[in-house]
$ cat upload-v3.cif   # mmCIF, N, CA and C atoms
data_start
#
loop_
_atom_site.label_atom_id
_atom_site.label_comp_id
_atom_site.auth_asym_id
_atom_site.auth_seq_id
_atom_site.Cartn_x
_atom_site.Cartn_y
_atom_site.Cartn_z
N MET A 1 -5.35 -4.43 -15.94
CA MET A 1 -5.51 -4.79 -14.55
C MET A 1 -6.76 -4.09 -14.01
N THR A 2 -7.59 -4.84 -13.31
CA THR A 2 -8.82 -4.27 -12.76
C THR A 2 -8.51 -3.48 -11.49
N ASP A 3 -9.45 -2.63 -11.10
CA ASP A 3 -9.26 -1.83 -9.89
C ASP A 3 -9.13 -2.70 -8.64
N TRP A 4 -9.82 -3.83 -8.62
CA TRP A 4 -9.79 -4.68 -7.43
C TRP A 4 -8.52 -5.51 -7.35
N GLY A 5 -7.81 -5.69 -8.45
CA GLY A 5 -6.57 -6.45 -8.42
C GLY A 5 -5.36 -5.60 -8.09
N VAL A 6 -5.54 -4.30 -7.94
CA VAL A 6 -4.41 -3.39 -7.69
C VAL A 6 -4.00 -3.44 -6.22
N LEU A 7 -4.94 -3.27 -5.31
CA LEU A 7 -4.63 -3.25 -3.88
C LEU A 7 -4.54 -4.67 -3.36
N VAL A 8 -3.41 -5.02 -2.78
CA VAL A 8 -3.24 -6.37 -2.22
C VAL A 8 -3.66 -6.37 -0.76
N ARG A 9 -3.09 -5.46 0.04
CA ARG A 9 -3.44 -5.37 1.45
C ARG A 9 -2.89 -4.07 2.02
N PRO A 10 -3.46 -3.58 3.11
CA PRO A 10 -2.85 -2.42 3.77
C PRO A 10 -1.63 -2.87 4.57
N LEU A 11 -0.61 -2.03 4.62
CA LEU A 11 0.57 -2.33 5.43
C LEU A 11 0.42 -1.64 6.77
N VAL A 12 0.47 -2.42 7.83
CA VAL A 12 0.33 -1.87 9.17
C VAL A 12 1.64 -2.08 9.91
N THR A 13 2.40 -1.01 10.02
CA THR A 13 3.66 -1.01 10.75
C THR A 13 3.65 0.21 11.67
N GLU A 14 4.69 0.32 12.47
CA GLU A 14 4.78 1.47 13.36
C GLU A 14 4.88 2.77 12.55
N LYS A 15 5.68 2.73 11.49
CA LYS A 15 5.86 3.92 10.66
C LYS A 15 4.58 4.29 9.91
N SER A 16 3.86 3.27 9.38
CA SER A 16 2.63 3.58 8.65
C SER A 16 1.53 4.09 9.58
N THR A 17 1.55 3.68 10.84
CA THR A 17 0.58 4.17 11.81
C THR A 17 0.82 5.64 12.11
N ILE A 18 2.09 6.04 12.17
CA ILE A 18 2.43 7.45 12.37
C ILE A 18 2.00 8.28 11.16
N LEU A 19 2.19 7.72 9.96
CA LEU A 19 1.79 8.43 8.74
C LEU A 19 0.28 8.62 8.65
N GLN A 20 -0.50 7.71 9.24
CA GLN A 20 -1.97 7.83 9.20
C GLN A 20 -2.43 9.10 9.89
N GLU A 21 -1.70 9.57 10.89
CA GLU A 21 -2.07 10.81 11.58
C GLU A 21 -1.94 12.02 10.65
N ARG A 22 -1.12 11.91 9.60
CA ARG A 22 -0.94 12.98 8.63
C ARG A 22 -1.81 12.79 7.39
N GLY A 23 -2.67 11.79 7.40
CA GLY A 23 -3.55 11.55 6.26
C GLY A 23 -2.91 10.73 5.15
N LYS A 24 -1.85 9.98 5.48
CA LYS A 24 -1.18 9.13 4.50
C LYS A 24 -1.36 7.67 4.89
N TYR A 25 -1.69 6.84 3.90
CA TYR A 25 -1.94 5.43 4.14
C TYR A 25 -1.04 4.60 3.23
N VAL A 26 -0.54 3.48 3.74
CA VAL A 26 0.42 2.65 3.02
C VAL A 26 -0.24 1.34 2.63
N PHE A 27 -0.09 0.96 1.35
CA PHE A 27 -0.68 -0.27 0.83
C PHE A 27 0.36 -1.10 0.09
N HIS A 28 0.23 -2.41 0.20
CA HIS A 28 0.98 -3.34 -0.65
C HIS A 28 0.14 -3.45 -1.92
N VAL A 29 0.76 -3.13 -3.07
CA VAL A 29 0.01 -3.11 -4.33
C VAL A 29 0.62 -4.08 -5.33
N ALA A 30 -0.09 -4.34 -6.40
CA ALA A 30 0.40 -5.23 -7.46
C ALA A 30 1.64 -4.62 -8.10
N PRO A 31 2.63 -5.44 -8.46
CA PRO A 31 3.89 -4.92 -9.01
C PRO A 31 3.72 -4.13 -10.31
N GLY A 32 2.73 -4.44 -11.11
CA GLY A 32 2.55 -3.75 -12.38
C GLY A 32 1.60 -2.57 -12.32
N ALA A 33 1.15 -2.19 -11.13
CA ALA A 33 0.16 -1.12 -10.99
C ALA A 33 0.81 0.26 -11.16
N SER A 34 0.13 1.13 -11.88
CA SER A 34 0.61 2.50 -12.06
C SER A 34 -0.01 3.38 -10.97
N LYS A 35 0.52 4.61 -10.86
CA LYS A 35 0.00 5.53 -9.85
C LYS A 35 -1.46 5.88 -10.12
N ALA A 36 -1.82 6.03 -11.39
CA ALA A 36 -3.21 6.34 -11.74
C ALA A 36 -4.15 5.20 -11.36
N GLN A 37 -3.71 3.97 -11.58
CA GLN A 37 -4.54 2.81 -11.21
C GLN A 37 -4.69 2.71 -9.70
N ILE A 38 -3.62 2.99 -8.96
CA ILE A 38 -3.68 2.93 -7.50
C ILE A 38 -4.63 4.01 -6.97
N LYS A 39 -4.55 5.21 -7.53
CA LYS A 39 -5.43 6.31 -7.12
C LYS A 39 -6.89 5.94 -7.36
N ARG A 40 -7.18 5.41 -8.55
CA ARG A 40 -8.54 5.04 -8.90
C ARG A 40 -9.06 3.93 -7.98
N ALA A 41 -8.20 2.94 -7.65
CA ALA A 41 -8.61 1.82 -6.81
C ALA A 41 -8.91 2.27 -5.38
N VAL A 42 -8.09 3.16 -4.83
CA VAL A 42 -8.31 3.64 -3.46
C VAL A 42 -9.58 4.50 -3.40
N GLU A 43 -9.77 5.37 -4.38
CA GLU A 43 -10.97 6.21 -4.41
C GLU A 43 -12.23 5.37 -4.53
N LYS A 44 -12.17 4.31 -5.32
CA LYS A 44 -13.34 3.45 -5.53
C LYS A 44 -13.60 2.56 -4.31
N ALA A 45 -12.55 2.01 -3.72
CA ALA A 45 -12.72 1.07 -2.61
C ALA A 45 -13.14 1.75 -1.31
N PHE A 46 -12.62 2.96 -1.04
CA PHE A 46 -12.86 3.59 0.24
C PHE A 46 -13.68 4.88 0.16
N SER A 47 -14.09 5.30 -1.02
CA SER A 47 -14.89 6.52 -1.24
C SER A 47 -14.23 7.75 -0.61
N VAL A 48 -12.97 7.96 -0.95
CA VAL A 48 -12.22 9.11 -0.47
C VAL A 48 -11.57 9.81 -1.66
N GLY A 49 -11.06 11.01 -1.43
CA GLY A 49 -10.34 11.73 -2.47
C GLY A 49 -8.84 11.58 -2.27
N VAL A 50 -8.13 11.24 -3.33
CA VAL A 50 -6.68 11.04 -3.26
C VAL A 50 -5.99 12.25 -3.89
N VAL A 51 -5.02 12.82 -3.16
CA VAL A 51 -4.27 13.96 -3.63
C VAL A 51 -2.99 13.52 -4.33
N GLN A 52 -2.28 12.55 -3.73
CA GLN A 52 -0.97 12.15 -4.25
C GLN A 52 -0.72 10.68 -3.98
N VAL A 53 0.02 10.04 -4.89
CA VAL A 53 0.42 8.64 -4.73
C VAL A 53 1.93 8.55 -4.95
N ASN A 54 2.64 8.03 -3.96
CA ASN A 54 4.07 7.76 -4.09
C ASN A 54 4.26 6.25 -4.06
N THR A 55 5.08 5.72 -4.97
CA THR A 55 5.30 4.28 -5.01
C THR A 55 6.77 3.96 -4.88
N MET A 56 7.04 2.76 -4.42
CA MET A 56 8.41 2.27 -4.36
C MET A 56 8.42 0.75 -4.54
N SER A 57 9.37 0.27 -5.32
CA SER A 57 9.53 -1.16 -5.53
C SER A 57 10.59 -1.67 -4.57
N THR A 58 10.28 -2.75 -3.88
CA THR A 58 11.18 -3.31 -2.88
C THR A 58 11.65 -4.68 -3.36
N HIS A 59 12.93 -4.90 -3.32
CA HIS A 59 13.48 -6.18 -3.71
C HIS A 59 13.31 -7.17 -2.56
N GLY A 60 12.98 -8.42 -2.91
CA GLY A 60 12.79 -9.45 -1.90
C GLY A 60 14.12 -9.85 -1.28
N LYS A 61 14.08 -10.21 -0.01
CA LYS A 61 15.29 -10.60 0.70
C LYS A 61 15.69 -12.03 0.35
N VAL A 62 16.97 -12.30 0.45
CA VAL A 62 17.47 -13.65 0.27
C VAL A 62 17.49 -14.30 1.65
N LYS A 63 16.82 -15.42 1.78
CA LYS A 63 16.76 -16.15 3.04
C LYS A 63 17.54 -17.45 2.90
N ARG A 64 18.02 -17.95 4.01
CA ARG A 64 18.81 -19.18 3.98
C ARG A 64 18.18 -20.19 4.92
N PHE A 65 17.95 -21.38 4.41
CA PHE A 65 17.42 -22.48 5.19
C PHE A 65 18.44 -23.61 5.13
N GLY A 66 19.34 -23.65 6.11
CA GLY A 66 20.41 -24.63 6.07
C GLY A 66 21.36 -24.31 4.93
N VAL A 67 21.57 -25.26 4.04
CA VAL A 67 22.46 -25.06 2.90
C VAL A 67 21.75 -24.32 1.77
N ARG A 68 20.45 -24.47 1.71
CA ARG A 68 19.66 -23.92 0.60
C ARG A 68 19.34 -22.44 0.80
N LYS A 69 19.46 -21.68 -0.28
CA LYS A 69 19.09 -20.27 -0.26
C LYS A 69 17.83 -20.09 -1.10
N SER A 70 16.97 -19.21 -0.66
CA SER A 70 15.78 -18.89 -1.45
C SER A 70 15.56 -17.39 -1.37
N LYS A 71 14.82 -16.87 -2.33
CA LYS A 71 14.58 -15.43 -2.41
C LYS A 71 13.09 -15.15 -2.26
N LYS A 72 12.77 -14.23 -1.38
CA LYS A 72 11.39 -13.79 -1.24
C LYS A 72 11.03 -12.97 -2.47
N PRO A 73 9.77 -12.93 -2.86
CA PRO A 73 9.40 -12.19 -4.07
C PRO A 73 9.56 -10.68 -3.92
N ASP A 74 9.84 -10.01 -5.04
CA ASP A 74 9.87 -8.55 -5.08
C ASP A 74 8.44 -8.05 -4.92
N TRP A 75 8.28 -6.87 -4.33
CA TRP A 75 6.94 -6.34 -4.13
C TRP A 75 6.97 -4.82 -4.23
N LYS A 76 5.79 -4.24 -4.31
CA LYS A 76 5.66 -2.79 -4.50
C LYS A 76 4.73 -2.24 -3.43
N LYS A 77 5.10 -1.07 -2.90
CA LYS A 77 4.20 -0.43 -1.93
C LYS A 77 3.91 0.99 -2.37
N ALA A 78 2.76 1.47 -1.92
CA ALA A 78 2.31 2.81 -2.29
C ALA A 78 1.91 3.57 -1.04
N VAL A 79 2.34 4.83 -0.97
CA VAL A 79 1.92 5.74 0.10
C VAL A 79 0.92 6.70 -0.53
N VAL A 80 -0.32 6.65 -0.06
CA VAL A 80 -1.42 7.41 -0.64
C VAL A 80 -1.78 8.56 0.31
N THR A 81 -1.73 9.79 -0.21
CA THR A 81 -2.11 10.97 0.57
C THR A 81 -3.55 11.33 0.22
N LEU A 82 -4.39 11.46 1.25
CA LEU A 82 -5.80 11.76 1.05
C LEU A 82 -6.07 13.25 1.18
N LYS A 83 -7.22 13.69 0.66
CA LYS A 83 -7.65 15.08 0.79
C LYS A 83 -7.85 15.41 2.26
N GLN A 84 -7.71 16.69 2.59
CA GLN A 84 -7.88 17.16 3.96
C GLN A 84 -9.26 16.77 4.48
N GLY A 85 -9.32 16.12 5.62
CA GLY A 85 -10.59 15.73 6.23
C GLY A 85 -11.02 14.31 5.91
N ASP A 86 -10.50 13.70 4.85
CA ASP A 86 -10.84 12.31 4.52
C ASP A 86 -9.96 11.36 5.33
N GLN A 87 -10.51 10.20 5.64
CA GLN A 87 -9.73 9.17 6.31
C GLN A 87 -10.29 7.80 6.00
N ILE A 88 -9.44 6.78 6.14
CA ILE A 88 -9.82 5.40 5.89
C ILE A 88 -9.83 4.69 7.23
N GLN A 89 -10.90 4.02 7.52
CA GLN A 89 -11.02 3.27 8.76
C GLN A 89 -10.51 1.85 8.51
N LEU A 90 -9.23 1.60 8.83
CA LEU A 90 -8.66 0.26 8.61
C LEU A 90 -9.08 -0.71 9.69
N PHE A 91 -9.17 -0.24 10.92
CA PHE A 91 -9.56 -1.10 12.02
C PHE A 91 -10.72 -0.46 12.75
N GLU A 92 -11.62 -1.31 13.25
CA GLU A 92 -12.72 -0.78 14.03
C GLU A 92 -12.24 -0.57 15.44
N ARG A 93 -12.53 0.60 15.96
CA ARG A 93 -12.08 0.92 17.31
C ARG A 93 -13.09 0.39 18.32
N ALA A 94 -12.55 -0.21 19.39
CA ALA A 94 -13.42 -0.81 20.41
C ALA A 94 -13.85 0.23 21.42
#

$ encode --input "upload-v3.cif" --output "structure tokens"
Amino acid sequence: MTDWGVLVRPLVTEKSTILQERGKYVFHVAPGASKAQIKRAVEKAFSVGVVQVNTMSTHGKVKRFGVRKSKKPDWKKAVVTLKQGDQIQLFERA
């Protein structure tokens, strides 16, 4: 897996916004990505130093549309802790 195929998108939620104040950023990553690959991809994409990577696999929810049931895909997220003083600018401030 290439470094660019590891990071899918940043996750922006209320909880992840609070974590950004502590230097932790949350990303939706490829299901087969390892912690080392995630660390390398974040360091390369954003030119920052990564101290720690925590990952968790999330099972997709079962949704119901009338009689039919369908399942959302399983996905993986990573919480990346950056070195002291480093930060990622996800949004441009106005």

$ resolve_selection --input "upload-v3.cif" --expression "the PyMOL selection byres ((chain A and resi 10) around 8)" --output "list in words"
Leu7, Val8, Arg9, Leu11, Val12, Thr13, Tyr25, Val26, Phe27, His28 and Val29 of chain A

$ atom_distance --input "upload-v3.cif" --atom1 "atom C of Met1 (chain A)" --atom2 "CA of Gly60 (chain A)"
23.6 Å

$ residues_around --input "upload-v3.cif" --residues "region 16-21 of chain A" --least-positions-apart "5" --cutoff "12 Å" --atoms "only C-alpha atoms" --output "list in words"
Pro10, Leu11, Val26, Phe27, His28, Lys77, Ala78, Val79, Val80, Thr81, Leu82, Gln84, Gly85, Asp86, Gln87, Ile88, Gln89, Leu90 and Phe91 of chain A

$ select_by_dssp --input "upload-v3.cif" --residues "chain A" --states "strand (DSSP E or B)" --output "VMD selection string"
chain A and resid 7 to 10 24 to 29 50 to 58 62 to 65 68 to 71 75 to 82

$ residues_around --input "upload-v3.cif" --residues "Lys76 (chain A)" --least-positions-apart "2" --cutoff "8 Å" --atoms "only C-alpha atoms" --output "compact mmCIF listing (two decimals) with N, CA and C atoms, in the frame of the given file"
# COMPACT_ATOMS: atom_id res chain seq x y z
N HIS A 28 0.23 -2.41 0.20
CA HIS A 28 0.98 -3.34 -0.65
C HIS A 28 0.14 -3.45 -1.92
N VAL A 29 0.76 -3.13 -3.07
CA VAL A 29 0.01 -3.11 -4.33
C VAL A 29 0.62 -4.08 -5.33
N ALA A 30 -0.09 -4.34 -6.40
CA ALA A 30 0.40 -5.23 -7.46
C ALA A 30 1.64 -4.62 -8.10
N PRO A 31 2.63 -5.44 -8.46
CA PRO A 31 3.89 -4.92 -9.01
C PRO A 31 3.72 -4.13 -10.31
N THR A 55 5.08 5.72 -4.97
CA THR A 55 5.30 4.28 -5.01
C THR A 55 6.77 3.96 -4.88
N MET A 56 7.04 2.76 -4.42
CA MET A 56 8.41 2.27 -4.36
C MET A 56 8.42 0.75 -4.54
N SER A 57 9.37 0.27 -5.32
CA SER A 57 9.53 -1.16 -5.53
C SER A 57 10.59 -1.67 -4.57
N THR A 58 10.28 -2.75 -3.88
CA THR A 58 11.18 -3.31 -2.88
C THR A 58 11.65 -4.68 -3.36
N ASP A 74 9.84 -10.01 -5.04
CA ASP A 74 9.87 -8.55 -5.08
C ASP A 74 8.44 -8.05 -4.92
N ALA A 78 2.76 1.47 -1.92
CA ALA A 78 2.31 2.81 -2.29
C ALA A 78 1.91 3.57 -1.04

$ atom_distance --input "upload-v3.cif" --atom1 "atom C of Asp3 (chain A)" --atom2 "atom N of Val48 (chain A)"
13.7 Å

$ select_by_dssp --input "upload-v3.cif" --residues "chain A" --states "helix (DSSP H, G or I)" --output "NGL selection string"
:A and (3-5 or 14-20 or 35-46)

$ write_last_selection --input "upload-v3.cif" --atoms "N, CA and C atoms" --output "CSV table (one decimal), keeping the file's coordinate frame"
chain,number,residue,atom,x,y,z
A,3,ASP,N,-9.4,-2.6,-11.1
A,3,ASP,CA,-9.3,-1.8,-9.9
A,3,ASP,C,-9.1,-2.7,-8.6
A,4,TRP,N,-9.8,-3.8,-8.6
A,4,TRP,CA,-9.8,-4.7,-7.4
A,4,TRP,C,-8.5,-5.5,-7.4
A,5,GLY,N,-7.8,-5.7,-8.4
A,5,GLY,CA,-6.6,-6.4,-8.4
A,5,GLY,C,-5.4,-5.6,-8.1
A,14,GLU,N,4.7,0.3,12.5
A,14,GLU,CA,4.8,1.5,13.4
A,14,GLU,C,4.9,2.8,12.6
A,15,LYS,N,5.7,2.7,11.5
A,15,LYS,CA,5.9,3.9,10.7
A,15,LYS,C,4.6,4.3,9.9
A,16,SER,N,3.9,3.3,9.4
A,16,SER,CA,2.6,3.6,8.6
A,16,SER,C,1.5,4.1,9.6
A,17,THR,N,1.6,3.7,10.8
A,17,THR,CA,0.6,4.2,11.8
A,17,THR,C,0.8,5.6,12.1
A,18,ILE,N,2.1,6.0,12.2
A,18,ILE,CA,2.4,7.4,12.4
A,18,ILE,C,2.0,8.3,11.2
A,19,LEU,N,2.2,7.7,10.0
A,19,LEU,CA,1.8,8.4,8.7
A,19,LEU,C,0.3,8.6,8.6
A,20,GLN,N,-0.5,7.7,9.2
A,20,GLN,CA,-2.0,7.8,9.2
A,20,GLN,C,-2.4,9.1,9.9
A,35,LYS,N,0.5,4.6,-10.9
A,35,LYS,CA,0.0,5.5,-9.8
A,35,LYS,C,-1.5,5.9,-10.1
A,36,ALA,N,-1.8,6.0,-11.4
A,36,ALA,CA,-3.2,6.3,-11.7
A,36,ALA,C,-4.2,5.2,-11.4
A,37,GLN,N,-3.7,4.0,-11.6
A,37,GLN,CA,-4.5,2.8,-11.2
A,37,GLN,C,-4.7,2.7,-9.7
A,38,ILE,N,-3.6,3.0,-9.0
A,38,ILE,CA,-3.7,2.9,-7.5
A,38,ILE,C,-4.6,4.0,-7.0
A,39,LYS,N,-4.6,5.2,-7.5
A,39,LYS,CA,-5.4,6.3,-7.1
A,39,LYS,C,-6.9,5.9,-7.4
A,40,ARG,N,-7.2,5.4,-8.6
A,40,ARG,CA,-8.5,5.0,-8.9
A,40,ARG,C,-9.1,3.9,-8.0
A,41,ALA,N,-8.2,2.9,-7.6
A,41,ALA,CA,-8.6,1.8,-6.8
A,41,ALA,C,-8.9,2.3,-5.4
A,42,VAL,N,-8.1,3.2,-4.8
A,42,VAL,CA,-8.3,3.6,-3.5
A,42,VAL,C,-9.6,4.5,-3.4
A,43,GLU,N,-9.8,5.4,-4.4
A,43,GLU,CA,-11.0,6.2,-4.4
A,43,GLU,C,-12.2,5.4,-4.5
A,44,LYS,N,-12.2,4.3,-5.3
A,44,LYS,CA,-13.3,3.4,-5.5
A,44,LYS,C,-13.6,2.6,-4.3
A,45,ALA,N,-12.6,2.0,-3.7
A,45,ALA,CA,-12.7,1.1,-2.6
A,45,ALA,C,-13.1,1.8,-1.3
A,46,PHE,N,-12.6,3.0,-1.0
A,46,PHE,CA,-12.9,3.6,0.2
A,46,PHE,C,-13.7,4.9,0.2

$ resolve_selection --input "upload-v3.cif" --expression "the PyMOL selection byres (((chain A and resi 37 and name CA) around 10) and name CA)" --output "PyMOL selection string"
chain A and resi 1-7+32-36+38-43

$ closest_residue --input "upload-v3.cif" --among "A:His59, A:Val51, A:Gly23, A:Lys44" --to "Lys71 (chain A)" --atoms "all atoms listed in the file"
A:His59

$ atom_distance --input "upload-v3.cif" --atom1 "CA of Val50 (chain A)" --atom2 "CA of Lys83 (chain A)"
5.8 Å

$ axis_aligned_box --input "upload-v3.cif" --around "region 44-48 of chain A" --padding-each-side "4 Å" --output "lines of an AutoDock Vina configuration file"
center_x = -13.2
center_y = 5.4
center_z = -2.6
size_x = 11.3
size_y = 16.7
size_z = 13.8

$ decode --input "upload-v3.cif" --residues "region 49-78 of chain A" --atoms "N, CA and C atoms" --output "short mmCIF file (atom, residue, chain, number, x, y, z; two decimals), in the first residue's frame"
data_model
loop_
_atom_site.label_atom_id
_atom_site.label_comp_id
_atom_site.auth_asym_id
_atom_site.auth_seq_id
_atom_site.Cartn_x
_atom_site.Cartn_y
_atom_site.Cartn_z
N GLY A 49 6.07 15.83 12.85
CA GLY A 49 6.61 14.67 13.54
C GLY A 49 5.50 13.95 14.31
N VAL A 50 5.42 12.64 14.16
CA VAL A 50 4.40 11.85 14.82
C VAL A 50 5.04 11.10 15.99
N VAL A 51 4.42 11.21 17.17
CA VAL A 51 4.90 10.54 18.36
C VAL A 51 4.22 9.19 18.54
N GLN A 52 2.90 9.14 18.33
CA GLN A 52 2.14 7.93 18.61
C GLN A 52 0.95 7.81 17.66
N VAL A 53 0.59 6.57 17.33
CA VAL A 53 -0.57 6.30 16.49
C VAL A 53 -1.42 5.24 17.20
N ASN A 54 -2.68 5.57 17.45
CA ASN A 54 -3.64 4.61 18.00
C ASN A 54 -4.69 4.34 16.93
N THR A 55 -5.03 3.07 16.72
CA THR A 55 -6.00 2.72 15.70
C THR A 55 -7.15 1.94 16.31
N MET A 56 -8.29 2.01 15.64
CA MET A 56 -9.44 1.21 16.03
C MET A 56 -10.26 0.87 14.79
N SER A 57 -10.72 -0.37 14.73
CA SER A 57 -11.57 -0.81 13.64
C SER A 57 -13.02 -0.71 14.09
N THR A 58 -13.85 -0.11 13.26
CA THR A 58 -15.25 0.11 13.58
C THR A 58 -16.11 -0.72 12.63
N HIS A 59 -17.04 -1.44 13.18
CA HIS A 59 -17.95 -2.24 12.38
C HIS A 59 -19.03 -1.34 11.81
N GLY A 60 -19.41 -1.59 10.55
CA GLY A 60 -20.45 -0.80 9.91
C GLY A 60 -21.81 -1.11 10.50
N LYS A 61 -22.66 -0.10 10.53
CA LYS A 61 -23.99 -0.26 11.09
C LYS A 61 -24.92 -0.96 10.10
N VAL A 62 -25.90 -1.65 10.62
CA VAL A 62 -26.94 -2.25 9.79
C VAL A 62 -28.06 -1.23 9.66
N LYS A 63 -28.39 -0.88 8.45
CA LYS A 63 -29.45 0.08 8.17
C LYS A 63 -30.64 -0.64 7.54
N ARG A 64 -31.81 -0.09 7.71
CA ARG A 64 -33.01 -0.72 7.18
C ARG A 64 -33.73 0.27 6.29
N PHE A 65 -34.05 -0.16 5.09
CA PHE A 65 -34.80 0.64 4.13
C PHE A 65 -36.06 -0.14 3.80
N GLY A 66 -37.14 0.14 4.53
CA GLY A 66 -38.36 -0.63 4.34
C GLY A 66 -38.14 -2.06 4.82
N VAL A 67 -38.38 -3.02 3.95
CA VAL A 67 -38.20 -4.43 4.30
C VAL A 67 -36.74 -4.84 4.19
N ARG A 68 -36.01 -4.17 3.32
CA ARG A 68 -34.63 -4.55 3.02
C ARG A 68 -33.65 -4.02 4.06
N LYS A 69 -32.70 -4.86 4.44
CA LYS A 69 -31.63 -4.45 5.34
C LYS A 69 -30.33 -4.39 4.56
N SER A 70 -29.50 -3.43 4.89
CA SER A 70 -28.19 -3.35 4.26
C SER A 70 -27.18 -2.97 5.35
N LYS A 71 -25.92 -3.25 5.08
CA LYS A 71 -24.87 -3.00 6.06
C LYS A 71 -23.88 -1.99 5.50
N LYS A 72 -23.59 -0.98 6.28
CA LYS A 72 -22.56 -0.02 5.90
C LYS A 72 -21.21 -0.71 6.01
N PRO A 73 -20.22 -0.29 5.24
CA PRO A 73 -18.92 -0.98 5.28
C PRO A 73 -18.19 -0.75 6.60
N ASP A 74 -17.36 -1.73 6.98
CA ASP A 74 -16.48 -1.59 8.14
C ASP A 74 -15.40 -0.58 7.78
N TRP A 75 -14.90 0.14 8.77
CA TRP A 75 -13.87 1.13 8.50
C TRP A 75 -12.92 1.23 9.68
N LYS A 76 -11.81 1.92 9.47
CA LYS A 76 -10.76 2.02 10.48
C LYS A 76 -10.42 3.49 10.68
N LYS A 77 -10.22 3.86 11.95
CA LYS A 77 -9.79 5.24 12.21
C LYS A 77 -8.53 5.23 13.05
N ALA A 78 -7.78 6.32 12.91
CA ALA A 78 -6.51 6.44 13.61
C ALA A 78 -6.45 7.78 14.32
#
